[in-house]
Amino acid sequence: MADNPILVMDNGASTIKAGYAKQPETLHVIPNCKVTRGKGEKTTFTGDQLHKLSDYAGLYYRLPFEKGYLTNWEVQKSLWDRTFSRDILNVNPTSTSLLITEPCFNFPNIQHCYDEMIFEAYEFYACCRVIAPYLCGYNNVSSLFPSQTPSVNERPDCILVVDSGYSFTHIVPIVVGRPVLTAVRRINIGGKLLTNHLKEIVSFRHWDMMDQTYVVNEIKETCCYVSKDFLGDLDTGRRNPKENPIVQEYVLPDFSRNSKGYVRDKKRSSRSTNDIYEDQVLRMNNERFTIPELLFHPSNIGMNQAGIPETIVESVSLTHSDLHGLFYSNIVLVGGNASFPGYKERIEQDLRVLAPSEYEVRVGMPENPITYTWHGGSNYAGSPDHRNKLVTRAEYMEHGSNICLQRFGMSEDVDGMQE
């Protein structure tokens, strides 16, 4: 079993991060979707083929995930077929072990479908299925904190992973490599909701862009940021646009000329517009920070949930009191939403107000929060912990999904971790 290559696949709702363990050069980040020009269009673009498009207007998306859980196995299988093909990773399942992630608190019937697809449809040699935050602890977490002694390369006993992804935001406390499941909390806000909310606001204030999911998502990732002074930025947003440092003019892409969208320089926008009269400009003002603010105040759109800082405090409070200081000093931010400028600083700022004064608050964020889980999985692959959880196809064919429930389940890992 040790001689078999290990394929690490962080199967997220937005992207698939896949590559062979200990070989970061093989890592591919692939959109987890299929798109067509419209509902009646037959030409389909699968996964990485999306990047070959020159016109992203009016795309119709087919997603395997719905509300954070894998429900459309037909679409997912076609995406995995593409990922395992010679064009990308050239995987031979019968001689390959698979390490794959799944959502927190995944439903048993969906887990059963995972096992059937992996062992019966693809016939992988062996498989291990874990939640994504669990793998983050296998990175060098100490290096994320500047105050940490540089020579220390050991994993902290306690870390708190804040995984803000496409569908949800999960707060997961981990003690000695084991998630404290009774303290895991979920906020029903992710990148998909933020993009959809921005589509509604732009369509109401400017043009109808409800069918321009790809374009609006690009606008969100380019222009939006997390404000450290929300009320102050709201006041600034009311100023005259010429005196308003928040306003950005985003030039929408012109697919007829293969020109991409970009933020126009203010000096250029203040000149005569004779040379730029053809540009279609979207003026982004308070939308730049009110969209990411939903991660901190879901009540702004009527959701009866707390924001990320308050939920972190709630999650920590559900663990043993002796561990609170360790969790507050080892908070790790991952997921696509962590890429917003100001995200880390805002969480650190709000937590310092909410957390007890006797605890040090340290928040770390990797250089690439999107692939951090995959790199943790690459380190985890082949370790004693991984080998203990691994299920071979022969074992699955003999015992069925029951052995997967026994090996992959983590319900027994929380004993003694909470008050």
# chains A, B, ... in the order shown; residues from 1 in each chain; ligands from 1
>>> residues_around(residues="Val91 in chain A", least_positions_apart="4", cutoff="12 Å", atoms="only C-alpha atoms", output="JSON, numbers by chain")
{"A": [4, 5, 6, 7, 8, 18, 19, 20, 26, 80, 81, 82, 83, 84, 85, 86, 87, 95, 96, 97, 98, 122, 123, 124, 125]}
>>> residues_around(residues="range 176-188 of chain A", least_positions_apart="6", cutoff="9 Å", atoms="only C-alpha atoms", output="PyMOL selection string")
chain A and resi 67+104-105+133-135+137-138+155-159+164+167-170+295+298+303+305-308+311-312+314-319+410-411+413-415+417-418
>>> atom_distance(atom1="CA of Arg352 in chain A", atom2="CA of Glu310 in chain A")
11.1 Å
>>> residues_around(residues="Pro103 in chain A", least_positions_apart="6", cutoff="10 Å", atoms="only C-alpha atoms", output="JSON, numbers by chain")
{"A": [11, 12, 13, 68, 69, 70, 111, 130, 131, 132, 133, 168, 170]}
>>> select_by_dssp(residues="range 59-185 of chain A", states="alpha helix (DSSP H)", output="mmCIF file with N, CA and C atoms, in the first residue's frame")
data_model
loop_
_atom_site.group_PDB
_atom_site.id
_atom_site.type_symbol
_atom_site.label_atom_id
_atom_site.label_comp_id
_atom_site.auth_asym_id
_atom_site.auth_seq_id
_atom_site.Cartn_x
_atom_site.Cartn_y
_atom_site.Cartn_z
ATOM 1 N N TRP A 73 -24.755 13.892 -8.682
ATOM 2 C CA TRP A 73 -23.624 13.004 -8.929
ATOM 3 C C TRP A 73 -23.315 12.858 -10.410
ATOM 4 N N GLU A 74 -24.295 13.085 -11.276
ATOM 5 C CA GLU A 74 -24.039 13.023 -12.712
ATOM 6 C C GLU A 74 -23.044 14.102 -13.127
ATOM 7 N N VAL A 75 -23.277 15.327 -12.636
ATOM 8 C CA VAL A 75 -22.358 16.427 -12.948
ATOM 9 C C VAL A 75 -21.009 16.197 -12.291
ATOM 10 N N GLN A 76 -21.012 15.752 -11.022
ATOM 11 C CA GLN A 76 -19.756 15.547 -10.323
ATOM 12 C C GLN A 76 -18.904 14.468 -10.981
ATOM 13 N N LYS A 77 -19.544 13.402 -11.440
ATOM 14 C CA LYS A 77 -18.779 12.329 -12.087
ATOM 15 C C LYS A 77 -18.124 12.821 -13.377
ATOM 16 N N SER A 78 -18.835 13.631 -14.145
ATOM 17 C CA SER A 78 -18.242 14.147 -15.379
ATOM 18 C C SER A 78 -17.050 15.052 -15.084
ATOM 19 N N LEU A 79 -17.115 15.777 -13.963
ATOM 20 C CA LEU A 79 -16.000 16.639 -13.571
ATOM 21 C C LEU A 79 -14.820 15.814 -13.071
ATOM 22 N N TRP A 80 -15.102 14.757 -12.297
ATOM 23 C CA TRP A 80 -14.019 13.869 -11.851
ATOM 24 C C TRP A 80 -13.401 13.129 -13.032
ATOM 25 N N ASP A 81 -14.235 12.722 -14.003
ATOM 26 C CA ASP A 81 -13.701 12.073 -15.206
ATOM 27 C C ASP A 81 -12.689 12.985 -15.905
ATOM 28 N N ARG A 82 -13.053 14.254 -15.992
ATOM 29 C CA ARG A 82 -12.158 15.222 -16.624
ATOM 30 C C ARG A 82 -10.873 15.395 -15.795
ATOM 31 N N THR A 83 -11.021 15.453 -14.480
ATOM 32 C CA THR A 83 -9.865 15.647 -13.593
ATOM 33 C C THR A 83 -8.914 14.460 -13.647
ATOM 34 N N PHE A 84 -9.465 13.242 -13.718
ATOM 35 C CA PHE A 84 -8.630 12.029 -13.722
ATOM 36 C C PHE A 84 -8.091 11.680 -15.100
ATOM 37 N N PRO A 108 -25.357 10.850 6.055
ATOM 38 C CA PRO A 108 -24.919 9.465 5.842
ATOM 39 C C PRO A 108 -25.230 8.931 4.445
ATOM 40 N N ASN A 109 -26.396 9.304 3.894
ATOM 41 C CA ASN A 109 -26.723 8.794 2.561
ATOM 42 C C ASN A 109 -25.806 9.391 1.492
ATOM 43 N N ILE A 110 -25.344 10.621 1.698
ATOM 44 C CA ILE A 110 -24.394 11.214 0.756
ATOM 45 C C ILE A 110 -23.028 10.558 0.923
ATOM 46 N N GLN A 111 -22.641 10.276 2.165
ATOM 47 C CA GLN A 111 -21.377 9.576 2.397
ATOM 48 C C GLN A 111 -21.383 8.208 1.724
ATOM 49 N N HIS A 112 -22.521 7.543 1.777
ATOM 50 C CA HIS A 112 -22.647 6.238 1.122
ATOM 51 C C HIS A 112 -22.444 6.378 -0.388
ATOM 52 N N CYS A 113 -22.958 7.475 -0.964
ATOM 53 C CA CYS A 113 -22.767 7.712 -2.398
ATOM 54 C C CYS A 113 -21.298 7.970 -2.725
ATOM 55 N N TYR A 114 -20.606 8.684 -1.835
ATOM 56 C CA TYR A 114 -19.165 8.877 -2.013
ATOM 57 C C TYR A 114 -18.472 7.518 -2.144
ATOM 58 N N ASP A 115 -18.766 6.629 -1.189
ATOM 59 C CA ASP A 115 -18.091 5.326 -1.158
ATOM 60 C C ASP A 115 -18.402 4.503 -2.403
ATOM 61 N N ALA A 132 -12.450 19.090 5.490
ATOM 62 C CA ALA A 132 -11.345 19.943 5.043
ATOM 63 C C ALA A 132 -10.589 20.612 6.194
ATOM 64 N N PRO A 133 -11.261 21.203 7.202
ATOM 65 C CA PRO A 133 -10.497 21.866 8.273
ATOM 66 C C PRO A 133 -9.543 20.929 9.007
ATOM 67 N N TYR A 134 -9.873 19.647 9.054
ATOM 68 C CA TYR A 134 -9.017 18.666 9.729
ATOM 69 C C TYR A 134 -7.621 18.640 9.113
ATOM 70 N N LEU A 135 -7.545 18.794 7.784
ATOM 71 C CA LEU A 135 -6.252 18.720 7.107
ATOM 72 C C LEU A 135 -5.401 19.970 7.320
ATOM 73 N N CYS A 136 -6.042 21.093 7.640
ATOM 74 C CA CYS A 136 -5.281 22.334 7.823
ATOM 75 C C CYS A 136 -4.261 22.199 8.942
#
>>> closest_residue(among="A:Ile403, A:Met210, A:Leu333, A:Ile291", to="Asn368 in chain A", atoms="only C-alpha atoms")
A:Leu333
>>> closest_atom_pairs(of="range 141-223 of chain A", to="range 55-63 of chain A", cutoff="12 Å", atoms="only C-alpha atoms", output="Markdown table")
| residue | atom | partner | partner_atom | distance |
| --- | --- | --- | --- | --- |
| A:Tyr166 | CA | A:Leu63 | CA | 11.8 |
| A:Ser167 | CA | A:Leu63 | CA | 11.9 |
| A:Lys192 | CA | A:Leu63 | CA | 11.6 |
| A:Asp208 | CA | A:Gly58 | CA | 11.5 |
| A:Met209 | CA | A:Gly58 | CA | 9.0 |
| A:Met210 | CA | A:Gly58 | CA | 8.9 |
| A:Asp211 | CA | A:Gly58 | CA | 5.2 |
| A:Gln212 | CA | A:Gly58 | CA | 5.4 |
| A:Thr213 | CA | A:Leu59 | CA | 7.5 |
| A:Tyr214 | CA | A:Tyr56 | CA | 6.5 |
| A:Val215 | CA | A:Tyr56 | CA | 7.1 |
| A:Val216 | CA | A:Ala57 | CA | 10.3 |
| A:Asn217 | CA | A:Tyr56 | CA | 11.3 |
| A:Glu218 | CA | A:Tyr56 | CA | 10.8 |
>>> write_last_selection(atoms="C-alpha atoms", output="PDB file, in the first residue's frame")
ATOM      1  CA  TYR A 166     -18.475  28.912  -1.354  1.00  0.00           C
ATOM      2  CA  SER A 167     -21.563  27.764   0.543  1.00  0.00           C
ATOM      3  CA  LYS A 192     -22.075  32.205  -3.562  1.00  0.00           C
ATOM      4  CA  ASP A 208     -29.624  44.031 -15.128  1.00  0.00           C
ATOM      5  CA  MET A 209     -26.743  41.601 -14.460  1.00  0.00           C
ATOM      6  CA  MET A 210     -28.698  38.727 -12.944  1.00  0.00           C
ATOM      7  CA  ASP A 211     -27.483  36.410 -15.735  1.00  0.00           C
ATOM      8  CA  GLN A 212     -23.858  37.573 -15.502  1.00  0.00           C
ATOM      9  CA  THR A 213     -22.685  35.354 -12.635  1.00  0.00           C
ATOM     10  CA  TYR A 214     -19.104  35.044 -13.863  1.00  0.00           C
ATOM     11  CA  VAL A 215     -18.698  38.772 -14.499  1.00  0.00           C
ATOM     12  CA  VAL A 216     -20.196  39.798 -11.151  1.00  0.00           C
ATOM     13  CA  ASN A 217     -17.997  37.298  -9.326  1.00  0.00           C
ATOM     14  CA  GLU A 218     -14.949  38.858 -11.012  1.00  0.00           C
TER      15      GLU A 218
END
>>> atom_distance(atom1="CA of Glu66 in chain A", atom2="CA of Cys33 in chain A")
11.6 Å
>>> closest_residue(among="A:Lys17, A:Ile189, A:Ile246, A:Ser329", to="Asp163 in chain A", atoms="only C-alpha atoms")
A:Ile189
>>> residues_around(residues="range 255-265 of chain A", least_positions_apart="5", cutoff="7 Å", atoms="only C-alpha atoms", output="list of chain:residue names")
A:Ser54, A:Asp55, A:Gln248, A:Glu249, A:Tyr250
>>> select_by_dssp(residues="range 164-402 of chain A", states="strand (DSSP E)", output="ChimeraX atom specification")
/A:164,169-175,178-179,185-187,248-251,262-264,281-284,331-334,363-364,391-392
>>> closest_residue(among="A:Gly336, A:Pro309, A:Gly237, A:Gly377", to="Ser14 in chain A", atoms="only C-alpha atoms")
A:Gly336
>>> residues_around(residues="Ser378 in chain A", least_positions_apart="3", cutoff="7 Å", atoms="only C-alpha atoms", output="list in words")
Val8, Ala21, Lys22, Trp374, His375 and Ala381 of chain A
>>> atom_distance(atom1="CA of His28 in chain A", atom2="CA of Phe340 in chain A")
22.0 Å
>>> residues_around(residues="range 384-393 of chain A", least_positions_apart="3", cutoff="7 Å", atoms="only C-alpha atoms", output="count of residues only")
13
>>> closest_residue(among="A:Asn337, A:Asn139, A:Ser321, A:Ser401", to="Tyr372 in chain A", atoms="only C-alpha atoms")
A:Asn139
>>> residues_around(residues="Phe230 in chain A", least_positions_apart="5", cutoff="12 Å", atoms="only C-alpha atoms", output="ChimeraX atom specification")
/A:225,235-237,286-294,296-297,342,346
>>> write_last_selection(atoms="N, CA and C atoms", output="mmCIF file, in the first residue's frame")
data_model
loop_
_atom_site.group_PDB
_atom_site.id
_atom_site.type_symbol
_atom_site.label_atom_id
_atom_site.label_comp_id
_atom_site.auth_asym_id
_atom_site.auth_seq_id
_atom_site.Cartn_x
_atom_site.Cartn_y
_atom_site.Cartn_z
ATOM 1 N N TYR A 225 -13.725 44.709 -0.440
ATOM 2 C CA TYR A 225 -12.796 44.602 0.679
ATOM 3 C C TYR A 225 -13.585 44.622 1.978
ATOM 4 N N ASP A 235 -20.100 56.851 5.782
ATOM 5 C CA ASP A 235 -20.120 58.317 5.687
ATOM 6 C C ASP A 235 -19.253 58.794 4.526
ATOM 7 N N THR A 236 -18.099 58.161 4.352
ATOM 8 C CA THR A 236 -17.224 58.532 3.238
ATOM 9 C C THR A 236 -17.893 58.270 1.900
ATOM 10 N N GLY A 237 -18.678 57.200 1.829
ATOM 11 C CA GLY A 237 -19.348 56.844 0.592
ATOM 12 C C GLY A 237 -20.396 57.837 0.153
ATOM 13 N N ASN A 286 -20.277 52.123 -2.059
ATOM 14 C CA ASN A 286 -20.356 51.371 -0.792
ATOM 15 C C ASN A 286 -20.590 49.878 -1.002
ATOM 16 N N GLU A 287 -20.900 49.465 -2.244
ATOM 17 C CA GLU A 287 -21.010 48.032 -2.520
ATOM 18 C C GLU A 287 -19.680 47.318 -2.260
ATOM 19 N N ARG A 288 -18.588 48.056 -2.340
ATOM 20 C CA ARG A 288 -17.272 47.443 -2.182
ATOM 21 C C ARG A 288 -17.102 46.816 -0.793
ATOM 22 N N PHE A 289 -17.689 47.426 0.238
ATOM 23 C CA PHE A 289 -17.500 46.889 1.585
ATOM 24 C C PHE A 289 -18.779 46.385 2.236
ATOM 25 N N THR A 290 -19.947 46.772 1.712
ATOM 26 C CA THR A 290 -21.186 46.270 2.311
ATOM 27 C C THR A 290 -21.429 44.798 1.970
ATOM 28 N N ILE A 291 -20.902 44.334 0.842
ATOM 29 C CA ILE A 291 -21.073 42.917 0.475
ATOM 30 C C ILE A 291 -20.295 42.013 1.431
ATOM 31 N N PRO A 292 -18.977 42.187 1.612
ATOM 32 C CA PRO A 292 -18.256 41.329 2.569
ATOM 33 C C PRO A 292 -18.712 41.533 4.017
ATOM 34 N N GLU A 293 -19.353 42.671 4.306
ATOM 35 C CA GLU A 293 -19.815 42.924 5.677
ATOM 36 C C GLU A 293 -20.843 41.893 6.128
ATOM 37 N N LEU A 294 -21.487 41.224 5.176
ATOM 38 C CA LEU A 294 -22.466 40.195 5.524
ATOM 39 C C LEU A 294 -21.819 39.053 6.301
ATOM 40 N N PHE A 296 -19.850 39.432 8.647
ATOM 41 C CA PHE A 296 -19.726 39.903 10.020
ATOM 42 C C PHE A 296 -21.077 40.307 10.613
ATOM 43 N N HIS A 297 -22.041 40.622 9.738
ATOM 44 C CA HIS A 297 -23.384 40.966 10.198
ATOM 45 C C HIS A 297 -24.418 40.357 9.253
ATOM 46 N N GLY A 342 -8.305 43.058 4.068
ATOM 47 C CA GLY A 342 -8.830 43.518 5.350
ATOM 48 C C GLY A 342 -9.566 42.469 6.151
ATOM 49 N N ARG A 346 -9.824 42.632 10.257
ATOM 50 C CA ARG A 346 -11.143 42.893 10.860
ATOM 51 C C ARG A 346 -11.486 41.834 11.899
#
